[in-house]
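Input: a single structure, listed below in structure tokens.
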Amino acid sequence: MKHKYFWPGFLLLLLTLPACKKFLDQVPNDRLTLEETFNNRATAERFLASVYSMIPREWSQRFVGNSNSGPWTGAADEAEYLWGFVESNPMNIGSWDAGSGFTKAFWRDFYRGIRSATIFIANIDKVTSDINDEQKVRYKAEARALRAMYYFYLIRIYGPVVLLGDEVKPVDAPSADLRLPRNSMDECVEFIVSELELAAPDLPVRPVNDANYARLTKGIALSFKCRALLQAASPLYNGNTDYADLKNSDGKELISQTYDENKWKRAADAYKAFIDEFVPSVYNMYRKNDGGGNYSPFLSVRDVMLDQWNVEVIFGRPEDENARNYEVTPYHNGASSEVRGSGGLGATQRIVDAYFMSNGRTIDDPLSGYVATGTSSFQAPDDDQARDVYNQWVGREPRFYVNITYDNRKWLNTNTGSVVTRLYWQGNSGKGISNDYSPTGYVVRKGAKLNDWRNGLGVIVQYRLANLYLDYIEALNEYNPGSADILHYLNVIRDRAGIPGYGQSGLDIPADKDAMREAIRRERQVELSFENVRYFDTRRWKIAETTDNGPAIALNIDSPLPGFYDKKPFETRVFNKRHYFFPIPEEDVNNNPLLVQNPGW
């Protein structure tokens, strides 16, 4: 009989750049038989486009579950959203459970993408009209890599999941045939790795033309292989005895109880192979000069997120960014609409304090020059004049000025004249003027547009070379802490950021494996801030019970100056062991006796 395939009801909103329209802006019919779908290239491509549509829009965090966007920045210790309807807020206070709607969305949607990819792999060879063998092979590799990526996203959120393999069960199959147990974490990772290794050789090293920038490449596939191996090596999954009781009903252990250092080696080796193959021929660290032809760390770390498809971007998604732009553009009462947003995505004091000083030292280093009180006349890198600034924000590294909007900072869009952001009580962007304001007294600035915030089209960076370097040296330090590559790539990151590397300008090289681990983690926290990385880092390192628990600190947004500078808790955050993984949707657990729930849920 003919089995009907019901298309996922998701339009390709995340794939809207004009350069991608030929392939990516196609909308599938409501439903087609498999015979009709794989009768010609056009309908087969629409099917593949629907598989692509499950790639998460990870920066659109006010709409969690919509297009697989997640709460990953607001639910980390680096940020807070103003609005109560944003799902990161109930997560931060522990007010969520297995019945919460957003906990189900990822499970449902990524499995839809997995099923669709499997159908495509099984049927693309049937297409005979207007297609050649090279295209069939490439399209199949794209679907295979996408399927593996969706499994990777699932294990980051839920831990070990159910592997469906290559069999496509019909929608009218007996319910007993659809009841499967969870696979172990090691089995999940091995499947992801093997599928990406199988797909990678058939993917292009670079997009085949300008209309294909949003499609998968060999580098994207192999970077996800590396990331899966890093995930498997991390403390949350590697010998974590907290999950000794996470077993299937037949007693099968889902997370290995034995620490295996070789998992770190496998990850490090994969990253090194990636670097050897792709750097600098395909990817490299983005660097930019100023108008005088001199290297500018500030412009480099700012524009790596703005210069579309630049040389550092391994994985990016074209999409409408207006929701994000609204969050990072302050309210600016009385200013033109093109510079008046909400500022509703606030940075915490924890991340503000994490940034280094301009001399590369931490603020608690006696030699850093950090001043905790008072104000000074200071000119930010992108300002045309000096302004009275709180001393804690003076003399910081370029990444601080790129990523944080603080009080009395000139806004970066100057098309409508000079606009200065004031964040204290009843300042032009502070509480007491509007329903939109920063909940912490700082506004996340990373990725903010240099022009009208309402001009939403852009490319969101989801994974870049700096992230890959930091992944690599993290893994390398755990099994071969004496490797020269660790210090080299750590200092590559710092050099691009415009601060001295370790072993330079009087900065001591971290003394041992433990000290280097902390240095790498600090560098990740700063370099990758607000890129949806910190949430997963604190969880895979098993430190979220410290970083995401207890009072979260910010400035006193209920006070004018100078009381505004006083620090106070804005929230008491709640994190316990069960929060390391999302719960499996309760209706799935109830309907499938073989599907065990995550501990604590």
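Note on naming: chains are A, B, ... as they come in the structure tokens, residues start from 1 per chain, ligands start from 1 in the order shown.
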
Residue contacts of Gly159 of chain A (10 Å, only C-alpha atoms) excluding same-chain residues fewer than 3 positions away, as a PDB file with C-alpha atoms, in the first residue's frame:
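Output saved as result_32.pdb:
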ATOM      1  CA  PHE A 152      23.698  15.429  18.700  1.00  0.00           C
ATOM      2  CA  TYR A 153      21.238  18.159  19.674  1.00  0.00           C
ATOM      3  CA  LEU A 154      19.096  15.565  21.439  1.00  0.00           C
ATOM      4  CA  ILE A 155      21.894  14.094  23.549  1.00  0.00           C
ATOM      5  CA  ARG A 156      23.006  17.565  24.644  1.00  0.00           C
ATOM      6  CA  ARG A 182      16.969   4.227  25.089  1.00  0.00           C
ATOM      7  CA  ASN A 183      20.434   3.475  23.747  1.00  0.00           C
ATOM      8  CA  SER A 184      23.489   4.099  25.881  1.00  0.00           C
ATOM      9  CA  MET A 185      25.362   7.363  25.599  1.00  0.00           C
ATOM     10  CA  CYS A 188      24.526   7.305  20.593  1.00  0.00           C
ATOM     11  CA  LEU A 236      28.703  14.598  32.742  1.00  0.00           C
ATOM     12  CA  TYR A 237      28.967  11.494  30.549  1.00  0.00           C
ATOM     13  CA  LEU A 254      22.985   4.214  29.863  1.00  0.00           C
ATOM     14  CA  ILE A 255      25.924   6.334  31.069  1.00  0.00           C
ATOM     15  CA  TYR A 580      21.509  18.494  34.095  1.00  0.00           C
ATOM     16  CA  PHE A 581      19.184  16.844  31.594  1.00  0.00           C
ATOM     17  CA  PHE A 582      15.744  17.810  30.359  1.00  0.00           C
ATOM     18  CA  PRO A 583      13.001  15.319  31.239  1.00  0.00           C
ATOM     19  CA  ILE A 584      11.795  12.955  28.544  1.00  0.00           C
ATOM     20  CA  ASN A 598      15.795  10.806  33.478  1.00  0.00           C
TER      21      ASN A 598
END

With the cut-off set at 9 Å and counting only C-alpha atoms, tabulate each residue of segment 448-490 of chain A with an atom at most that distance from an atom of segment 323-346 of chain A, showing the nearest atom pair and its distance in Å to one decimal, ordered by chain and increasing number, as a tab-separated table.
residue	atom	partner	partner_atom	distance
A:Ala448	CA	A:Asn325	CA	6.1
A:Lys449	CA	A:Asn325	CA	7.1
A:Asn451	CA	A:Glu338	CA	7.6
A:Asp452	CA	A:Glu338	CA	4.6
A:Trp453	CA	A:Asn325	CA	5.5
A:Arg454	CA	A:Glu338	CA	6.6
A:Asn455	CA	A:Asn325	CA	8.8
A:Gly456	CA	A:Asn325	CA	7.4

Name the residues of segment 70-183 of chain A that fall into helix (DSSP H, G or I) according to DSSP on the backbone, using the chain letters and numbers of this document, as JSON, numbers by chain.
{"A": [88, 89, 90, 91, 92, 101, 102, 103, 104, 105, 106, 107, 108, 109, 110, 111, 112, 113, 114, 115, 116, 117, 118, 119, 120, 121, 122, 123, 124, 125, 126, 133, 134, 135, 136, 137, 138, 139, 140, 141, 142, 143, 144, 145, 146, 147, 148, 149, 150, 151, 152, 153, 154, 155, 156, 157, 158, 175, 176, 177, 178]}

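Ranking A:Ala44, A:Leu470, A:Leu561, A:Val282 by their shortest atom-to-atom distance to Leu423 of chain A, with only C-alpha atoms included, puts A:Leu561 first.
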
Within 12 Å of Ile114 of chain A, counting only C-alpha atoms, which residues qualify if same-chain residues fewer than 6 places away don't, as a VMD selection string?
chain A and resid 8 48 50 to 55 106 to 108 120 to 121 143 to 154 162 to 168 192

Mind the document's chain letters and residue numbers, and return as a PyMOL selection string the residues of segment 328-484 of chain A that DSSP labels strand (DSSP E or B).
chain A and resi 330+342+345-347+357+375-378+387-390+396+404-405+409-410+420-421+431+434+443-444+457-464
